[in-house]
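Source file: structure-v7.txt (compact mmCIF, C-alpha atoms)
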# COMPACT_ATOMS: atom_id res chain seq x y z
CA MET A 1 -27.54 -37.00 -6.87
CA ASN A 2 -29.21 -35.98 -10.13
CA LYS A 3 -30.25 -32.61 -8.69
CA CYS A 4 -26.61 -31.87 -7.90
CA LEU A 5 -25.52 -32.97 -11.35
CA VAL A 6 -28.11 -30.81 -12.99
CA ALA A 7 -27.10 -28.02 -10.66
CA PHE A 8 -23.54 -28.05 -12.08
CA ALA A 9 -24.25 -26.97 -15.43
CA THR A 10 -25.37 -21.48 -18.55
CA THR A 11 -26.97 -20.01 -21.68
CA LEU A 12 -26.38 -17.17 -24.13
CA LEU A 13 -29.04 -16.72 -26.81
CA LEU A 14 -27.28 -15.67 -29.99
CA THR A 15 -28.64 -12.90 -32.17
CA PHE A 16 -28.86 -13.16 -35.94
CA SER A 17 -25.87 -10.93 -36.52
CA THR A 18 -22.64 -12.34 -37.93
CA ILE A 19 -20.85 -14.79 -35.64
CA THR A 20 -17.20 -15.72 -36.06
CA SER A 21 -15.51 -18.95 -34.97
CA ALA A 22 -12.00 -17.61 -34.40
CA ILE A 23 -11.82 -18.80 -30.81
CA THR A 24 -11.16 -22.48 -30.09
CA LEU A 25 -11.68 -24.86 -27.18
CA SER A 26 -7.90 -24.72 -26.63
CA ASP A 27 -8.15 -20.95 -26.25
CA ILE A 28 -10.88 -21.30 -23.63
CA GLN A 29 -8.92 -23.97 -21.76
CA LEU A 30 -5.88 -21.68 -21.74
CA LEU A 31 -8.03 -18.83 -20.47
CA PHE A 32 -9.35 -20.94 -17.59
CA SER A 33 -5.91 -22.36 -16.75
CA LYS A 34 -4.54 -18.93 -15.85
CA ASN A 35 -6.29 -19.00 -12.48
CA GLN A 36 -5.46 -21.45 -9.69
CA VAL A 37 -8.65 -20.42 -7.85
CA VAL A 38 -11.96 -19.01 -9.06
CA ARG A 39 -14.80 -17.94 -6.78
CA ALA A 40 -18.23 -16.79 -7.91
CA ASP A 41 -21.77 -16.20 -6.72
CA PHE A 42 -24.42 -18.12 -8.64
CA THR A 43 -28.12 -18.05 -9.33
CA GLN A 44 -29.93 -21.10 -10.67
CA ASP A 45 -33.35 -21.37 -12.31
CA ARG A 46 -34.79 -24.79 -13.07
CA HIS A 47 -37.63 -24.74 -15.60
CA ILE A 48 -39.61 -27.95 -15.11
CA ASN A 49 -42.54 -29.05 -17.24
CA GLY A 50 -45.78 -28.68 -15.34
CA LEU A 51 -44.55 -25.87 -13.10
CA THR A 52 -45.65 -22.32 -13.89
CA SER A 53 -42.55 -20.73 -12.34
CA PRO A 54 -38.92 -21.83 -12.27
CA ILE A 55 -37.33 -23.15 -9.09
CA HIS A 56 -34.91 -20.42 -8.07
CA SER A 57 -31.82 -20.94 -5.93
CA THR A 58 -28.71 -18.96 -5.03
CA GLY A 59 -25.31 -19.63 -3.56
CA LYS A 60 -21.58 -19.47 -4.11
CA MET A 61 -18.87 -21.76 -5.38
CA ILE A 62 -15.09 -22.12 -5.36
CA ILE A 63 -12.98 -24.05 -7.87
CA SER A 64 -9.41 -24.78 -6.78
CA LYS A 65 -6.97 -26.66 -9.00
CA GLU A 66 -5.35 -28.08 -5.89
CA LEU A 67 -8.40 -28.87 -3.73
CA GLY A 68 -11.31 -29.36 -6.14
CA LEU A 69 -14.85 -27.95 -6.20
CA TRP A 70 -16.84 -26.48 -3.31
CA TRP A 71 -20.47 -25.63 -4.08
CA GLN A 72 -22.71 -23.98 -1.47
CA GLN A 73 -26.40 -23.49 -2.18
CA ASN A 74 -27.91 -21.06 0.32
CA THR A 75 -31.53 -20.73 -0.85
CA PRO A 76 -34.18 -22.12 -0.89
CA PHE A 77 -32.38 -24.60 1.41
CA ALA A 78 -28.79 -25.22 2.40
CA MET A 79 -26.87 -27.78 0.37
CA THR A 80 -23.09 -28.22 0.23
CA LEU A 81 -21.20 -30.24 -2.35
CA LYS A 82 -17.47 -30.94 -2.22
CA MET A 83 -15.64 -32.84 -4.93
CA ASN A 84 -12.01 -33.72 -5.65
CA GLN A 85 -10.15 -36.49 -7.44
CA GLN A 86 -10.81 -39.05 -4.69
CA ARG A 87 -14.25 -38.37 -3.24
CA MET A 88 -17.48 -36.40 -3.45
CA GLU A 89 -19.50 -35.32 -0.44
CA GLN A 90 -22.99 -33.85 -0.35
CA ARG A 91 -24.73 -32.46 2.73
CA ILE A 92 -28.31 -31.14 2.76
CA GLU A 93 -29.14 -28.91 5.71
CA ASP A 94 -27.91 -30.67 8.88
CA GLN A 95 -28.31 -34.19 7.55
CA THR A 96 -25.53 -36.75 7.56
CA PRO A 97 -23.30 -36.20 4.51
CA GLU A 98 -23.55 -38.59 1.59
CA ILE A 99 -20.09 -39.63 0.43
CA ILE A 100 -19.19 -41.16 -2.92
CA THR A 101 -15.71 -42.48 -3.72
CA ALA A 102 -14.20 -43.53 -7.03
CA GLU A 103 -13.53 -46.97 -5.59
CA LYS A 104 -17.11 -47.64 -4.49
CA GLN A 105 -19.01 -46.05 -7.41
CA PRO A 106 -16.58 -45.60 -10.32
CA GLN A 107 -19.19 -44.96 -13.02
CA LEU A 108 -21.05 -42.25 -11.12
CA PHE A 109 -17.78 -40.72 -10.00
CA GLN A 110 -16.50 -40.59 -13.58
CA PHE A 111 -19.75 -38.97 -14.66
CA ASN A 112 -19.44 -36.31 -11.98
CA HIS A 113 -15.92 -35.51 -13.11
CA LEU A 114 -17.34 -34.52 -16.47
CA LEU A 115 -18.97 -31.63 -14.64
CA THR A 116 -15.60 -30.53 -13.33
CA ALA A 117 -14.29 -30.77 -16.90
CA ILE A 118 -16.99 -28.32 -17.95
CA PHE A 119 -15.93 -25.78 -15.33
CA THR A 120 -12.25 -26.11 -16.30
CA ALA A 121 -12.76 -26.51 -20.08
CA ASP A 122 -10.80 -29.77 -19.96
CA LYS A 123 -10.24 -30.18 -23.69
CA GLU A 124 -9.43 -33.89 -23.76
CA MET A 125 -12.31 -35.00 -21.57
CA LEU A 126 -14.84 -32.75 -23.30
CA GLU A 127 -13.81 -33.89 -26.78
CA ASN A 128 -14.04 -37.53 -25.72
CA ASN A 129 -17.62 -37.12 -24.52
CA PHE A 130 -19.21 -34.33 -26.59
CA ASP A 131 -19.58 -32.97 -30.08
CA ILE A 132 -18.41 -29.40 -29.61
CA THR A 133 -19.23 -26.13 -31.34
CA VAL A 134 -17.39 -22.95 -30.38
CA THR A 135 -18.47 -19.47 -31.52
CA GLU A 136 -17.61 -15.93 -30.53
CA GLN A 137 -19.48 -12.65 -30.81
CA ASN A 138 -18.54 -9.28 -29.34
CA ASN A 139 -15.81 -10.96 -27.24
CA ILE A 140 -18.33 -13.35 -25.71
CA TRP A 141 -17.55 -17.00 -26.46
CA THR A 142 -20.19 -19.72 -26.52
CA LEU A 143 -19.40 -23.42 -26.17
CA THR A 144 -22.14 -25.86 -27.15
CA LEU A 145 -21.73 -29.48 -26.00
CA LYS A 146 -23.84 -32.30 -27.43
CA PRO A 147 -23.30 -35.69 -25.76
CA LYS A 148 -21.92 -38.46 -27.96
CA LEU A 149 -22.43 -41.56 -25.84
CA ALA A 150 -24.57 -43.10 -23.11
CA PRO A 151 -25.39 -42.29 -20.40
CA LEU A 152 -24.91 -38.60 -21.20
CA ASN A 153 -26.95 -38.69 -24.41
CA LYS A 154 -29.80 -40.33 -22.49
CA ILE A 155 -29.89 -37.46 -19.99
CA PHE A 156 -28.86 -34.27 -21.82
CA LYS A 157 -29.75 -32.80 -25.18
CA GLN A 158 -27.06 -30.18 -24.92
CA ILE A 159 -25.10 -28.03 -22.50
CA ILE A 160 -24.32 -24.44 -23.45
CA LEU A 161 -21.54 -22.46 -21.78
CA SER A 162 -20.63 -18.82 -22.33
CA GLY A 163 -18.49 -16.08 -20.92
CA GLU A 164 -15.68 -13.66 -21.57
CA SER A 165 -12.82 -13.84 -19.07
CA TYR A 166 -14.65 -16.41 -16.93
CA LEU A 167 -17.48 -18.90 -17.24
CA GLU A 168 -20.53 -16.68 -16.78
CA LYS A 169 -23.54 -18.70 -17.94
CA VAL A 170 -24.53 -22.37 -18.26
CA THR A 171 -27.72 -23.79 -19.72
CA ILE A 172 -28.57 -27.48 -19.51
CA ASN A 173 -31.34 -28.83 -21.76
CA ASP A 174 -32.29 -32.36 -20.77
CA MET A 175 -34.15 -35.16 -22.52
CA GLN A 176 -37.32 -34.48 -20.48
CA ASN A 177 -37.50 -31.01 -22.06
CA ASP A 178 -36.62 -29.36 -18.75
CA LYS A 179 -34.02 -26.61 -18.62
CA THR A 180 -31.59 -25.44 -15.96
CA GLU A 181 -29.96 -22.01 -16.22
CA LEU A 182 -27.04 -20.90 -14.06
CA THR A 183 -25.47 -17.45 -13.98
CA PHE A 184 -22.15 -16.70 -12.30
CA LYS A 185 -20.98 -13.26 -11.22
CA ASN A 186 -18.58 -11.51 -8.84
CA HIS A 187 -15.66 -13.70 -9.90
CA LYS A 188 -12.53 -13.49 -7.73
CA THR A 189 -9.20 -15.23 -8.28
CA THR A 190 -7.10 -14.44 -5.20
CA LYS A 191 -5.50 -17.30 -3.25
CA LEU A 192 -7.60 -19.24 -0.77
CA ASN A 193 -7.42 -17.95 2.78
CA GLN A 194 -7.23 -20.31 5.75
CA ASP A 195 -10.99 -20.39 6.34
CA GLU A 196 -11.64 -21.21 2.68
CA GLN A 197 -9.13 -24.05 2.75
CA LEU A 198 -11.05 -25.58 5.66
CA LEU A 199 -14.20 -25.66 3.54
CA PHE A 200 -12.71 -28.47 1.45
CA ARG A 201 -12.03 -30.76 4.44
As structure tokens - that is how I would like this structure written.
Amino acid sequence: MNKCLVAFATTLLLTFSTITSAITLSDIQLLFSKNQVVRADFTQDRHINGLTSPIHSTGKMIISKELGLWWQQNTPFAMTLKMNQQRMEQRIEDQTPEIITAEKQPQLFQFNHLLTAIFTADKEMLENNFDITVTEQNNIWTLTLKPKLAPLNKIFKQIILSGESYLEKVTINDMQNDKTELTFKNHKTTKLNQDEQLLFR
């Protein structure tokens, strides 16, 4: 599941001009809470030591406060991830889905919910697990998360989020000096239609 975990993670390189810290994590959480549903297209580039070029993938995702997270990677191969408060399901191509429940694997399930907390800017969960720095420049906020405790601090150096009205970029720097960059665009916040609701079943 590590590839999926790494997949959920966006960077904004800051210039040397003056940066203010007027925005807070509470402000970002409030911004995210305004939308019951957020859709976006994503691109992902994984920079792995020893490889001359990043591994590039594309897809789309939906976050619903009611139904959870639906993540569809389209290239270079099909992979679907669904996650809610009770279960997580991953399917690669036409293989049999792998299902994880909170009852059967509570530690892994709790870890995966941290990824949902990142996408929703869940203030309480993020503050319990990360040292947090929030900055803002030219209306673009940047949220830097440094893990406090194991197992997160054994896996990640830091996770950097940024955006304006929505989460637009995520960068994950891991302890193996690899980096994953995700970019989100074409955000939409209209209600789920019937076909989209079926995706979460």
Checklist entry - How far is it from CA of Phe77 (chain A) to CA of Ser57 (chain A), in Å with one decimal? => result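 Taking CA of Phe77 (chain A) and CA of Ser57 (chain A), their separation equals 8.2 Å.
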Next on the checklist: With only C-alpha atoms as the counted atoms, please give the residues lying no more than 6 Å from region 19-35 of chain A, apart from itself and same-chain residues fewer than 5 positions off, as a list of chain:residue names.
Outcome noted: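 Residues meeting the cut-off are A:Ala121, A:Thr135, A:Glu136, A:Gln137.
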Checklist entry - Could you tell me, as number ranges by chain, which residues have any atom at most 7 Å from (-19.3, -21.8, -23.5), counting all atoms listed in the file? => result A: 141-144, 160-163
Checklist entry - Any idea what the distance is between CA of Gln36 (chain A) and CA of Asn128 (chain A)? => result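 Straight-line distance from CA of Gln36 (chain A) to CA of Asn128 (chain A) works out to 24.3 Å.
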Next on the checklist: Could you list, as a PyMOL selection string, every residue within 10 Å of Leu152 (chain A), counting all atoms listed in the file and ignoring same-chain residues fewer than 2 positions away?
Outcome noted: chain A and resi 111+114+129-130+146-150+154-158+174-175
Checklist entry - Given the choices A:Lys65, A:Lys179, A:Asp195, A:Thr190, which gets closest to Leu51 (chain A) if the distance is worked out from all atoms listed in the file? => result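 The shortest atom-to-atom distance to Leu51 (chain A) comes from A:Lys179.
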Next on the checklist: Between CA of Gly68 (chain A) and CA of Gln85 (chain A), what distance in Å does the model show, to one decimal?
Outcome noted: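 According to the coordinates, CA of Gly68 (chain A) and CA of Gln85 (chain A) are separated by 7.3 Å.
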Checklist entry - Need the neighbours of (-21.1, -32.2, -3.6): which residues are at most 10 Å away, counting only C-alpha atoms, as a list of chain:residue names? => result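 Checking each residue against the 10 Å limit leaves A:Met1, A:Cys4, A:Leu5, A:Phe8, A:Leu69, A:Trp70, A:Trp71, A:Gln72, A:Met79, A:Thr80, A:Leu81, A:Lys82, A:Met83, A:Asn84, A:Arg87, A:Met88, A:Glu89, A:Gln90, A:Arg91, A:Ile92, A:Pro97, A:Glu98, A:Ile99, A:Ile100, A:Asn112.
Nearest residue to Arg46 (chain A), choosing from A:Asp131, A:Ile172, A:Thr75, A:Asn139 and counting only C-alpha atoms: A:Ile172.
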Item to check | Neighbour list for Thr189 (chain A) as a list in words, cut-off 7 Å, all atoms listed in the file, skip fewer than 4 positions in-chain | outcome: Asn35, Val37, Val38 and Arg39 of chain A
Checklist outcome for this item: Counting only C-alpha atoms, the residue among A:Ile159, A:Ala78, A:Ala102, A:Ile63 that lies closest to Thr120 (chain A) is A:Ile63
Checklist entry - Which is closer to Lys169 (chain A) than all the others in A:Gln110, A:Thr43, A:Ser53, A:Gln105, using all atoms listed in the file? => result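 When distances to Lys169 (chain A) are compared using all atoms listed in the file, the smallest one comes from A:Thr43.
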Item to check | Nearest-residue call for Leu182 (chain A), choices A:Thr101, A:Asn153, A:Asn49, A:Thr58, using only C-alpha atoms | outcome: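 Checking each of A:Thr101, A:Asn153, A:Asn49, A:Thr58 against Leu182 (chain A), counting only C-alpha atoms, the winner is A:Thr58.
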Emit region 114-132 of chain A of the structure in the block as a file comprising N, CA, C and O atoms, as a PDB file, in the first residue's frame.
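See part.pdb below for the written result:
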ATOM      1  N   LEU A 114      -4.654   9.803   8.091  1.00  0.00           N
ATOM      2  CA  LEU A 114      -3.853  11.019   8.125  1.00  0.00           C
ATOM      3  C   LEU A 114      -3.788  11.658   6.741  1.00  0.00           C
ATOM      4  O   LEU A 114      -3.722  12.887   6.616  1.00  0.00           O
ATOM      5  N   LEU A 115      -3.816  10.835   5.713  1.00  0.00           N
ATOM      6  CA  LEU A 115      -3.793  11.369   4.356  1.00  0.00           C
ATOM      7  C   LEU A 115      -5.081  12.118   4.046  1.00  0.00           C
ATOM      8  O   LEU A 115      -5.071  13.158   3.398  1.00  0.00           O
ATOM      9  N   THR A 116      -6.197  11.590   4.524  1.00  0.00           N
ATOM     10  CA  THR A 116      -7.456  12.303   4.370  1.00  0.00           C
ATOM     11  C   THR A 116      -7.410  13.619   5.130  1.00  0.00           C
ATOM     12  O   THR A 116      -7.924  14.643   4.665  1.00  0.00           O
ATOM     13  N   ALA A 117      -6.785  13.607   6.304  1.00  0.00           N
ATOM     14  CA  ALA A 117      -6.655  14.837   7.094  1.00  0.00           C
ATOM     15  C   ALA A 117      -5.874  15.897   6.339  1.00  0.00           C
ATOM     16  O   ALA A 117      -6.154  17.096   6.456  1.00  0.00           O
ATOM     17  N   ILE A 118      -4.908  15.469   5.550  1.00  0.00           N
ATOM     18  CA  ILE A 118      -4.137  16.420   4.745  1.00  0.00           C
ATOM     19  C   ILE A 118      -5.030  17.078   3.704  1.00  0.00           C
ATOM     20  O   ILE A 118      -5.001  18.297   3.519  1.00  0.00           O
ATOM     21  N   PHE A 119      -5.866  16.283   3.045  1.00  0.00           N
ATOM     22  CA  PHE A 119      -6.723  16.826   1.991  1.00  0.00           C
ATOM     23  C   PHE A 119      -7.835  17.710   2.550  1.00  0.00           C
ATOM     24  O   PHE A 119      -8.376  18.541   1.827  1.00  0.00           O
ATOM     25  N   THR A 120      -8.192  17.528   3.813  1.00  0.00           N
ATOM     26  CA  THR A 120      -9.263  18.326   4.408  1.00  0.00           C
ATOM     27  C   THR A 120      -8.741  19.365   5.385  1.00  0.00           C
ATOM     28  O   THR A 120      -9.523  20.109   5.979  1.00  0.00           O
ATOM     29  N   ALA A 121      -7.410  19.417   5.574  1.00  0.00           N
ATOM     30  CA  ALA A 121      -6.799  20.340   6.543  1.00  0.00           C
ATOM     31  C   ALA A 121      -7.411  20.150   7.925  1.00  0.00           C
ATOM     32  O   ALA A 121      -7.742  21.111   8.616  1.00  0.00           O
ATOM     33  N   ASP A 122      -7.559  18.897   8.334  1.00  0.00           N
ATOM     34  CA  ASP A 122      -8.108  18.576   9.648  1.00  0.00           C
ATOM     35  C   ASP A 122      -7.146  19.071  10.732  1.00  0.00           C
ATOM     36  O   ASP A 122      -6.117  18.455  11.012  1.00  0.00           O
ATOM     37  N   LYS A 123      -7.482  20.175  11.345  1.00  0.00           N
ATOM     38  CA  LYS A 123      -6.571  20.869  12.252  1.00  0.00           C
ATOM     39  C   LYS A 123      -6.130  19.996  13.421  1.00  0.00           C
ATOM     40  O   LYS A 123      -4.938  19.898  13.730  1.00  0.00           O
ATOM     41  N   GLU A 124      -7.079  19.354  14.076  1.00  0.00           N
ATOM     42  CA  GLU A 124      -6.750  18.563  15.257  1.00  0.00           C
ATOM     43  C   GLU A 124      -5.822  17.402  14.920  1.00  0.00           C
ATOM     44  O   GLU A 124      -4.806  17.191  15.590  1.00  0.00           O
ATOM     45  N   MET A 125      -6.153  16.656  13.882  1.00  0.00           N
ATOM     46  CA  MET A 125      -5.339  15.498  13.530  1.00  0.00           C
ATOM     47  C   MET A 125      -3.950  15.915  13.044  1.00  0.00           C
ATOM     48  O   MET A 125      -2.942  15.280  13.385  1.00  0.00           O
ATOM     49  N   LEU A 126      -3.883  16.980  12.259  1.00  0.00           N
ATOM     50  CA  LEU A 126      -2.581  17.437  11.775  1.00  0.00           C
ATOM     51  C   LEU A 126      -1.709  17.930  12.921  1.00  0.00           C
ATOM     52  O   LEU A 126      -0.514  17.619  12.982  1.00  0.00           O
ATOM     53  N   GLU A 127      -2.277  18.683  13.841  1.00  0.00           N
ATOM     54  CA  GLU A 127      -1.482  19.202  14.961  1.00  0.00           C
ATOM     55  C   GLU A 127      -1.021  18.092  15.890  1.00  0.00           C
ATOM     56  O   GLU A 127       0.042  18.205  16.518  1.00  0.00           O
ATOM     57  N   ASN A 128      -1.783  17.012  15.977  1.00  0.00           N
ATOM     58  CA  ASN A 128      -1.385  15.891  16.832  1.00  0.00           C
ATOM     59  C   ASN A 128      -0.221  15.104  16.248  1.00  0.00           C
ATOM     60  O   ASN A 128       0.511  14.439  16.994  1.00  0.00           O
ATOM     61  N   ASN A 129      -0.044  15.187  14.933  1.00  0.00           N
ATOM     62  CA  ASN A 129       0.946  14.325  14.276  1.00  0.00           C
ATOM     63  C   ASN A 129       2.100  15.069  13.614  1.00  0.00           C
ATOM     64  O   ASN A 129       3.101  14.432  13.268  1.00  0.00           O
ATOM     65  N   PHE A 130       1.993  16.397  13.458  1.00  0.00           N
ATOM     66  CA  PHE A 130       3.023  17.141  12.741  1.00  0.00           C
ATOM     67  C   PHE A 130       3.365  18.445  13.449  1.00  0.00           C
ATOM     68  O   PHE A 130       2.528  19.055  14.105  1.00  0.00           O
ATOM     69  N   ASP A 131       4.623  18.857  13.290  1.00  0.00           N
ATOM     70  CA  ASP A 131       5.001  20.247  13.542  1.00  0.00           C
ATOM     71  C   ASP A 131       4.645  21.016  12.284  1.00  0.00           C
ATOM     72  O   ASP A 131       5.022  20.618  11.176  1.00  0.00           O
ATOM     73  N   ILE A 132       3.940  22.128  12.446  1.00  0.00           N
ATOM     74  CA  ILE A 132       3.322  22.793  11.304  1.00  0.00           C
ATOM     75  C   ILE A 132       3.830  24.215  11.148  1.00  0.00           C
ATOM     76  O   ILE A 132       3.911  24.972  12.121  1.00  0.00           O
TER      77      ILE A 132
END
